[in-house]
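K.L.:
Structure supplied as start-v2.cif; contents: mmCIF, C-alpha atoms.
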data_data
#
loop_
_atom_site.label_atom_id
_atom_site.label_comp_id
_atom_site.auth_asym_id
_atom_site.auth_seq_id
_atom_site.Cartn_x
_atom_site.Cartn_y
_atom_site.Cartn_z
CA MET A 1 72.99 139.93 90.92
CA LYS A 2 74.67 143.02 92.39
CA PRO A 3 75.85 145.84 90.09
CA TYR A 4 79.56 145.03 90.51
CA GLU A 5 78.84 141.37 89.72
CA LYS A 6 77.04 142.34 86.51
CA ILE A 7 79.98 144.54 85.48
CA ALA A 8 82.48 141.81 86.30
CA ALA A 9 80.44 139.27 84.30
CA ASP A 10 80.26 141.59 81.30
CA LEU A 11 83.99 142.37 81.42
CA ARG A 12 84.72 138.66 81.65
CA ARG A 13 82.48 138.01 78.63
CA ARG A 14 84.22 140.72 76.62
CA ILE A 15 87.68 139.42 77.51
CA GLU A 16 86.75 135.84 76.67
CA ALA A 17 85.24 137.05 73.38
CA GLY A 18 88.62 138.51 72.44
CA GLU A 19 87.83 142.21 72.75
CA TRP A 20 91.04 142.47 74.77
CA ALA A 21 93.87 139.99 74.29
CA ALA A 22 96.47 138.85 76.81
CA GLY A 23 98.74 141.78 77.60
CA ASP A 24 96.16 144.41 76.60
CA THR A 25 95.12 147.10 79.07
CA LEU A 26 91.46 147.53 79.96
CA PRO A 27 89.86 150.98 79.69
CA THR A 28 90.57 153.30 82.62
CA THR A 29 88.31 153.42 85.65
CA ASP A 30 86.78 156.70 84.43
CA GLN A 31 86.07 155.16 81.02
CA LEU A 32 84.44 152.12 82.62
CA VAL A 33 82.40 154.38 84.92
CA ALA A 34 81.11 156.26 81.87
CA HIS A 35 80.36 153.04 79.98
CA TYR A 36 78.57 151.17 82.78
CA GLU A 37 77.07 154.27 84.45
CA HIS A 38 78.02 153.19 87.95
CA SER A 39 80.23 154.61 90.67
CA ARG A 40 84.03 154.34 90.68
CA GLN A 41 83.85 152.04 93.73
CA THR A 42 81.44 149.68 91.96
CA VAL A 43 83.75 149.50 88.94
CA ARG A 44 86.84 148.97 91.12
CA THR A 45 85.08 146.14 92.97
CA ALA A 46 84.20 144.50 89.66
CA VAL A 47 87.83 144.68 88.52
CA GLU A 48 88.95 143.23 91.88
CA VAL A 49 86.70 140.21 91.24
CA LEU A 50 88.48 139.59 87.91
CA ALA A 51 91.86 140.05 89.58
CA ARG A 52 91.04 137.49 92.28
CA ASP A 53 90.09 135.04 89.53
CA GLY A 54 93.42 135.60 87.80
CA LEU A 55 91.81 137.09 84.69
CA VAL A 56 93.50 140.49 85.01
CA ARG A 57 96.38 142.06 86.91
CA VAL A 58 96.21 145.59 88.32
CA VAL A 59 99.56 147.34 87.89
CA LYS A 60 100.14 150.69 89.55
CA ARG A 61 100.61 153.49 86.99
CA SER A 62 100.10 150.98 84.15
CA GLY A 63 96.43 150.04 84.51
CA THR A 64 94.55 146.76 84.45
CA ILE A 65 96.29 144.20 82.24
CA VAL A 66 94.63 141.08 80.83
CA GLN A 67 96.41 137.92 81.94
CA ASP A 68 97.47 135.13 79.60
CA ARG A 69 94.89 132.38 80.19
CA SER A 70 96.33 130.01 77.59
CA VAL A 71 98.60 128.62 80.30
CA GLY A 72 96.51 126.09 82.20
CA ARG A 73 96.84 124.98 85.77
CA ARG A 74 99.74 122.69 86.52
CA ARG A 75 98.73 119.53 88.37
CA ILE A 76 101.34 118.87 91.04
CA ALA A 77 101.26 115.31 92.30
CA ARG A 78 101.90 115.46 96.01
CA SER A 79 103.89 112.28 96.18
CA THR A 80 106.87 111.66 98.43
CA THR A 81 109.20 111.29 95.46
CA VAL A 82 112.20 113.55 94.88
CA MET A 83 113.56 113.01 91.36
CA ARG A 84 117.03 113.57 89.99
CA ASP A 85 118.15 114.72 86.56
CA PRO A 86 121.74 113.63 85.79
CA LEU A 87 122.29 116.99 84.05
CA ARG A 88 120.84 119.23 86.78
CA GLY A 89 120.60 117.41 90.10
CA TYR A 90 117.60 117.09 92.42
CA VAL A 91 114.15 117.90 91.01
CA PHE A 92 111.20 118.49 93.34
CA PRO A 93 107.50 117.79 92.64
CA ALA A 94 106.54 120.99 90.74
CA ALA A 95 108.26 119.52 87.68
CA SER A 96 106.26 117.01 85.65
CA ARG A 97 109.34 114.93 84.85
CA PRO A 98 113.06 115.04 85.77
CA ASP A 99 114.22 116.43 82.41
CA GLU A 100 111.40 118.96 81.89
CA PRO A 101 112.98 122.23 80.67
CA TRP A 102 112.56 125.18 83.03
CA GLU A 103 113.79 128.74 82.63
CA VAL A 104 114.82 131.55 84.97
CA HIS A 105 113.10 134.95 84.79
CA GLY A 106 115.43 137.84 85.53
CA GLN A 107 118.74 137.46 87.29
CA PRO A 108 119.18 134.83 90.05
CA LYS A 109 120.23 136.46 93.32
CA ARG A 110 122.16 135.34 96.37
CA MET A 111 122.72 137.50 99.41
CA LEU A 112 122.67 137.60 103.20
CA ALA A 113 119.10 138.52 104.10
CA PRO A 114 117.02 138.64 107.32
CA ILE A 115 115.42 135.22 107.67
CA PRO A 116 111.60 135.24 108.10
CA SER A 117 110.26 133.92 111.38
CA GLY A 118 108.59 130.83 109.86
CA VAL A 119 111.75 129.66 108.10
CA ALA A 120 113.91 130.60 111.09
CA GLU A 121 111.80 128.38 113.35
CA ARG A 122 112.22 125.42 111.00
CA LEU A 123 116.00 125.90 110.86
CA GLY A 124 116.33 126.51 114.60
CA LEU A 125 117.57 130.08 114.10
CA GLU A 126 116.63 133.48 115.47
CA ALA A 127 114.16 135.39 113.30
CA GLY A 128 115.78 138.33 111.53
CA LEU A 129 119.26 136.80 111.58
CA GLU A 130 121.10 137.42 108.31
CA VAL A 131 121.28 134.10 106.50
CA MET A 132 122.39 133.16 102.99
CA ARG A 133 119.40 133.26 100.66
CA ARG A 134 119.47 132.12 97.04
CA ARG A 135 116.50 133.40 94.99
CA ARG A 136 115.30 132.43 91.53
CA VAL A 137 112.04 133.15 89.71
CA THR A 138 111.37 130.19 87.42
CA SER A 139 108.77 128.54 85.21
CA PRO A 140 108.41 125.71 82.72
CA ALA A 141 109.98 126.89 79.44
CA GLY A 142 107.82 129.38 77.57
CA GLU A 143 105.44 130.10 80.46
CA PRO A 144 105.02 133.23 82.63
CA PRO A 145 106.73 133.25 86.05
CA PHE A 146 105.46 130.19 87.91
CA GLN A 147 107.30 130.29 91.23
CA ILE A 148 109.68 132.21 93.46
CA ALA A 149 112.20 129.76 94.88
CA ASP A 150 114.10 130.96 97.95
CA ALA A 151 116.78 128.64 99.33
CA TRP A 152 117.92 129.45 102.88
CA ILE A 153 121.18 127.79 103.93
CA HIS A 154 121.92 127.25 107.62
CA PRO A 155 125.08 129.18 108.66
CA ASP A 156 126.68 125.99 110.02
CA ALA A 157 126.13 124.19 106.71
CA LEU A 158 127.45 127.19 104.81
CA ARG A 159 130.68 127.16 106.82
CA GLU A 160 131.17 123.50 105.90
CA ALA A 161 130.12 123.96 102.28
CA PRO A 162 131.09 127.55 101.37
CA GLN A 163 130.56 127.01 97.64
CA ALA A 164 126.83 126.62 98.40
CA GLY A 165 126.78 130.38 98.90
CA GLU A 166 128.84 131.35 95.84
CA ILE A 167 127.46 132.68 92.56
CA SER A 168 128.41 129.39 90.90
CA THR A 169 127.59 126.41 93.10
CA GLY A 170 128.95 123.87 90.65
CA PRO A 171 127.22 120.82 89.09
CA GLY A 172 124.16 119.72 91.04
CA GLY A 173 123.79 123.04 92.84
CA TYR A 174 123.94 123.93 96.51
CA LEU A 175 122.24 120.71 97.65
CA ASP A 176 125.03 118.58 96.21
CA ARG A 177 127.64 120.77 97.93
CA ILE A 178 125.90 120.35 101.30
CA GLU A 179 125.68 116.58 100.85
CA GLU A 180 129.34 116.38 99.83
CA ALA A 181 130.29 118.25 103.02
CA GLY A 182 129.15 115.23 105.02
CA HIS A 183 125.40 115.77 105.34
CA GLY A 184 124.27 113.36 102.61
CA PRO A 185 121.95 111.78 101.96
CA LEU A 186 119.58 114.59 102.86
CA GLU A 187 116.00 113.83 103.86
CA TRP A 188 113.22 116.33 103.29
CA GLU A 189 109.98 117.36 104.97
CA GLU A 190 107.49 119.63 103.22
CA THR A 191 104.80 121.95 104.58
CA THR A 192 102.20 123.67 102.38
CA ARG A 193 99.93 126.59 103.20
CA ILE A 194 97.90 129.25 101.39
CA ARG A 195 98.40 132.94 102.10
CA MET A 196 98.25 136.35 100.44
CA PRO A 197 101.36 137.54 98.59
CA ALA A 198 103.70 140.28 99.70
CA LYS A 199 103.95 143.25 97.33
CA GLU A 200 107.36 142.14 96.00
CA GLU A 201 106.10 138.58 95.44
CA ALA A 202 103.07 139.79 93.47
CA SER A 203 105.34 141.93 91.30
CA LEU A 204 107.82 139.10 90.60
CA LEU A 205 105.02 136.64 89.78
CA GLN A 206 103.08 139.22 87.74
CA VAL A 207 99.85 138.67 89.67
CA ALA A 208 97.43 140.92 91.53
CA MET A 209 97.83 141.49 95.25
CA GLU A 210 94.37 139.91 95.62
CA MET A 211 95.58 136.58 94.20
CA PRO A 212 96.39 134.05 96.97
CA VAL A 213 99.57 132.01 96.67
CA TRP A 214 100.73 128.54 97.65
CA GLU A 215 103.73 128.57 99.96
CA MET A 216 105.62 125.25 99.98
CA THR A 217 108.47 124.98 102.46
CA THR A 218 110.83 122.02 102.07
CA VAL A 219 113.35 121.49 104.88
CA GLY A 220 116.45 119.34 104.29
CA PHE A 221 117.83 117.32 107.22
CA SER A 222 121.40 116.13 107.58
CA ALA A 223 122.00 112.37 107.62
CA ARG A 224 124.96 112.94 109.96
CA THR A 225 123.39 115.17 112.61
CA GLY A 226 119.65 114.80 111.99
CA GLN A 227 119.41 118.60 112.13
CA PRO A 228 118.00 120.93 109.45
CA VAL A 229 120.67 122.37 107.17
CA GLU A 230 118.61 124.16 104.50
CA ALA A 231 115.07 125.23 103.66
CA SER A 232 113.57 125.93 100.26
CA VAL A 233 110.47 128.12 100.11
CA ARG A 234 108.50 128.12 96.85
CA VAL A 235 105.71 130.65 96.27
CA ILE A 236 103.26 129.80 93.46
CA PRO A 237 100.14 131.74 92.36
CA ALA A 238 97.04 129.83 93.44
CA ASP A 239 95.51 129.99 89.96
CA ARG A 240 98.57 128.34 88.37
CA ALA A 241 98.58 125.05 90.26
CA GLU A 242 96.42 122.44 91.92
CA LEU A 243 97.69 119.75 94.25
CA VAL A 244 96.75 116.17 93.45
CA SER A 245 97.10 113.28 95.90
CA LYS A 246 96.28 109.63 95.34
CA LEU A 247 94.41 108.33 98.38
CA GLN A 248 95.39 104.97 99.84
CA ARG A 249 93.11 102.47 101.57
CA GLY A 250 94.08 101.89 105.20
CA PRO A 251 94.06 98.43 106.82
CA SER A 252 90.46 98.87 108.01
CA ALA A 253 89.28 99.75 104.49
CA GLN A 254 90.83 96.87 102.55
CA TRP A 255 88.59 95.25 99.95
CA PRO A 256 86.35 93.32 100.34
CA VAL A 257 84.99 95.45 103.14
CA GLU A 258 82.72 94.24 105.90
CA PRO A 259 79.04 95.25 105.55
CA VAL A 260 78.03 98.20 107.68
CA THR A 261 75.95 97.09 110.64
CA PRO A 262 73.90 99.92 112.16
CA LYS A 263 73.53 99.99 115.91
CA ALA A 264 70.23 98.68 117.16
#
Kindly transcribe the structure held in the file into structure tokens.
P.N.:
Amino acid sequence: MKPYEKIAADLRRRIEAGEWAAGDTLPTTDQLVAHYEHSRQTVRTAVEVLARDGLVRVVKRSGTIVQDRSVGRRRIARSTTVMRDPLRGYVFPAASRPDEPWEVHGQPKRMLAPIPSGVAERLGLEAGLEVMRRRRVTSPAGEPPFQIADAWIHPDALREAPQAGEISTGPGGYLDRIEEAGHGPLEWEETTRIRMPAKEEASLLQVAMEMPVWEMTTVGFSARTGQPVEASVRVIPADRAELVSKLQRGPSAQWPVEPVTPKA
């Protein structure tokens, strides 16, 4: 085992033993160097290992903070089902049930912002064009920030449903306003990928820059035109969720199966 791995293992043991609780700050790099009698780089590498595992978060000018590990991973069933809560509107798969209580961290924001190239491509727009973006940082009630949810509304849809871009979108939110403007019922297509977070994303989600994130992009298509009218991009720390899919047997794998016959 390399020196940084031994230090990381010992720090992990001490954290799990309760020497530092969630929210506590680890000793400084200089203090850890003196304790473990290794170089600053070796100590930093050990701390980076813990950060990648989601055990600590390195905050500039604040130090290395122990993460709350009492919140387990959320199992997200990757079904094709969009639910609806009669009190809130559409509910997408990150929720465990339609009426599960979620809360917003900080102040929701809506503004014209340059649209990223990936989202622009999905909406058929030019990258960098200023498009209405609605942003919320949310989580199941009582949990740390779980996801950044950015809703990008196509300019054409916004002209037809201007309330979708207002501070108050009304009951059911911006999706209901777009559907009421003649685009309902919307159909959705989702793409998922893993990437590293941007600095702002890591700060909002309270994770280390070394922690990968899930990026789930859901594009809503108009029933009237067949064209995309909105895209929702959710960014979730990789250590907070795992995707679960139930596999289906195809026609060739229906039971009882035929015995395998090796070639002669």
K.L.:
For the interface of stretch 111-205 of chain A with stretch 233-249 of chain A (cut-off 9 Å, counting all atoms listed in the file), please tabulate each contacting residue of stretch 111-205 of chain A alongside its nearest pair of atoms and their separation in Å to one decimal, rows sorted by chain and increasing number, as CSV.
P.N.:
residue,atom,partner,partner_atom,distance
A:Val119,CA,A:Val233,CA,8.2
A:Pro145,CA,A:Ile236,CA,8.9
A:Phe146,CA,A:Ile236,CA,6.0
A:Gln147,CA,A:Ile236,CA,4.6
A:Ile148,CA,A:Val235,CA,5.1
A:Ala149,CA,A:Arg234,CA,4.5
A:Asp150,CA,A:Val233,CA,5.1
A:Ala151,CA,A:Val233,CA,6.4
A:Trp152,CA,A:Val233,CA,8.1
A:Ile194,CA,A:Ala238,CA,8.0
A:Pro197,CA,A:Val235,CA,8.5
A:Glu201,CA,A:Val235,CA,8.0
A:Ala202,CA,A:Pro237,CA,8.6
A:Leu205,CA,A:Pro237,CA,7.4
K.L.:
Can you work out the spacing between atom CA of A:Val59 and atom CA of A:Ala21 in Å, to one decimal?
P.N.:
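Computing the Euclidean distance for atom CA of A:Val59 and atom CA of A:Ala21 yields 16.5 Å.
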K.L.:
Pull out every residue that the PyMOL selection byres ((chain A and resi 162-170) around 12) matches in the shown coordinates and put them as a PyMOL selection string.
P.N.:
chain A and resi 87-89+107-112+131-135+151-161+171-181+229-230
K.L.:
Could you check which of A:Tyr4, A:Asp99, A:Gln254, A:Met83 is closest to A:Glu37, using only C-alpha atoms?
P.N.:
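Of all the options, A:Tyr4 lies closest to A:Glu37.
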K.L.:
Compile the contact shell of A:Glu121 as a ChimeraX atom specification: residues with an atom at most 12 Å away, counting all atoms listed in the file, same-chain residues fewer than 6 positions apart removed.
P.N.:
/A:115,127-129,154,217,219,228,230-231
K.L.:
Put those residues in a file: C-alpha atoms, as a PDB file, in the coordinates of the input.
P.N.:
ATOM      1  CA  ILE A 115     115.420 135.220 107.670  1.00  0.00           C
ATOM      2  CA  ALA A 127     114.160 135.390 113.300  1.00  0.00           C
ATOM      3  CA  GLY A 128     115.780 138.330 111.530  1.00  0.00           C
ATOM      4  CA  LEU A 129     119.260 136.800 111.580  1.00  0.00           C
ATOM      5  CA  HIS A 154     121.920 127.250 107.620  1.00  0.00           C
ATOM      6  CA  THR A 217     108.470 124.980 102.460  1.00  0.00           C
ATOM      7  CA  VAL A 219     113.350 121.490 104.880  1.00  0.00           C
ATOM      8  CA  PRO A 228     118.000 120.930 109.450  1.00  0.00           C
ATOM      9  CA  GLU A 230     118.610 124.160 104.500  1.00  0.00           C
ATOM     10  CA  ALA A 231     115.070 125.230 103.660  1.00  0.00           C
TER      11      ALA A 231
END
K.L.:
Using all atoms listed in the file, pick whichever of A:Trp255, A:Trp20, A:Val43, A:Thr29 has the shortest atom-to-atom distance to A:Lys2.
P.N.:
A:Val43
K.L.:
With only C-alpha atoms counted and 6 Å as the cut-off, give the residues of stretch 133-249 of chain A in contact with stretch 44-53 of chain A, each with its shortest interatomic distance in Å and the pair that gives it, as JSON lines.
P.N.:
{"residue": "A:Ala208", "atom": "CA", "partner": "A:Ala51", "partner_atom": "CA", "distance": 6.0}
{"residue": "A:Glu210", "atom": "CA", "partner": "A:Arg52", "partner_atom": "CA", "distance": 5.3}
{"residue": "A:Met211", "atom": "CA", "partner": "A:Arg52", "partner_atom": "CA", "distance": 5.0}
K.L.:
Would you mind exporting C-alpha atoms of the selected residues as a short mmCIF file (atom, residue, chain, number, x, y, z; two decimals), in the frame of the given file?
P.N.:
data_model
loop_
_atom_site.label_atom_id
_atom_site.label_comp_id
_atom_site.auth_asym_id
_atom_site.auth_seq_id
_atom_site.Cartn_x
_atom_site.Cartn_y
_atom_site.Cartn_z
CA ALA A 208 97.43 140.92 91.53
CA GLU A 210 94.37 139.91 95.62
CA MET A 211 95.58 136.58 94.20
#
K.L.:
What is the atom CA of A:Leu204 to atom CA of A:Glu190 distance in Å?
P.N.:
23.2 Å
K.L.:
Have a look at atom CA of A:Leu55 and atom CA of A:Glu103 and let me know their distance in Å, one decimal.
P.N.:
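Between atom CA of A:Leu55 and atom CA of A:Glu103 the gap is 23.6 Å.
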K.L.:
Got a sec to resolve the PyMOL selection byres ((chain A and resi 101) around 9) on this structure and send the residues as a count of residues only?
P.N.:
9
K.L.:
Quick one: axis-aligned box around all listed atoms of stretch 40-45 of chain A, 3 Å on every side, centre and edge lengths in Å to one decimal, written as lines of an AutoDock Vina configuration file.
P.N.:
center_x = 84.1
center_y = 150.2
center_z = 91.3
size_x = 11.4
size_y = 14.2
size_z = 10.8
K.L.:
Nearest to A:His183 among A:Met216, A:Gln206, A:Val58, A:Gln227, with distances taken over only C-alpha atoms: which residue is it?
P.N.:
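When distances to A:His183 are compared using only C-alpha atoms, the smallest one comes from A:Gln227.
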K.L.:
Using the chain letters and residue numbers of this document, give as a list in words the residues selected by the PyMOL selection byres ((chain A and resi 187) around 8).
P.N.:
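This file gives the following for the PyMOL selection byres ((chain A and resi 187) around 8): Pro185, Leu186, Trp188, Glu189, Gly220, Phe221, Ser222 and Ala223 of chain A.
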K.L.:
For the residues in the current selection, export C-alpha atoms as an mmCIF file, keeping the file's coordinate frame.
P.N.:
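Once everything was written out, this is part.cif:
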data_model
loop_
_atom_site.group_PDB
_atom_site.id
_atom_site.type_symbol
_atom_site.label_atom_id
_atom_site.label_comp_id
_atom_site.auth_asym_id
_atom_site.auth_seq_id
_atom_site.Cartn_x
_atom_site.Cartn_y
_atom_site.Cartn_z
ATOM 1 C CA PRO A 185 121.950 111.780 101.960
ATOM 2 C CA LEU A 186 119.580 114.590 102.860
ATOM 3 C CA TRP A 188 113.220 116.330 103.290
ATOM 4 C CA GLU A 189 109.980 117.360 104.970
ATOM 5 C CA GLY A 220 116.450 119.340 104.290
ATOM 6 C CA PHE A 221 117.830 117.320 107.220
ATOM 7 C CA SER A 222 121.400 116.130 107.580
ATOM 8 C CA ALA A 223 122.000 112.370 107.620
#
K.L.:
At most 12 Å from (91.3, 151.4, 81.1), file frame, only C-alpha atoms: which residues, as a ChimeraX atom specification?
P.N.:
/A:11,20,24-35,43-44,47,56,58-59,61-66
K.L.:
Which one is closest to A:Met209: A:Gly18, A:Gly54, A:Pro86, A:Gly118? Count all atoms listed in the file.
P.N.:
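When distances to A:Met209 are compared using all atoms listed in the file, the smallest one comes from A:Gly54.
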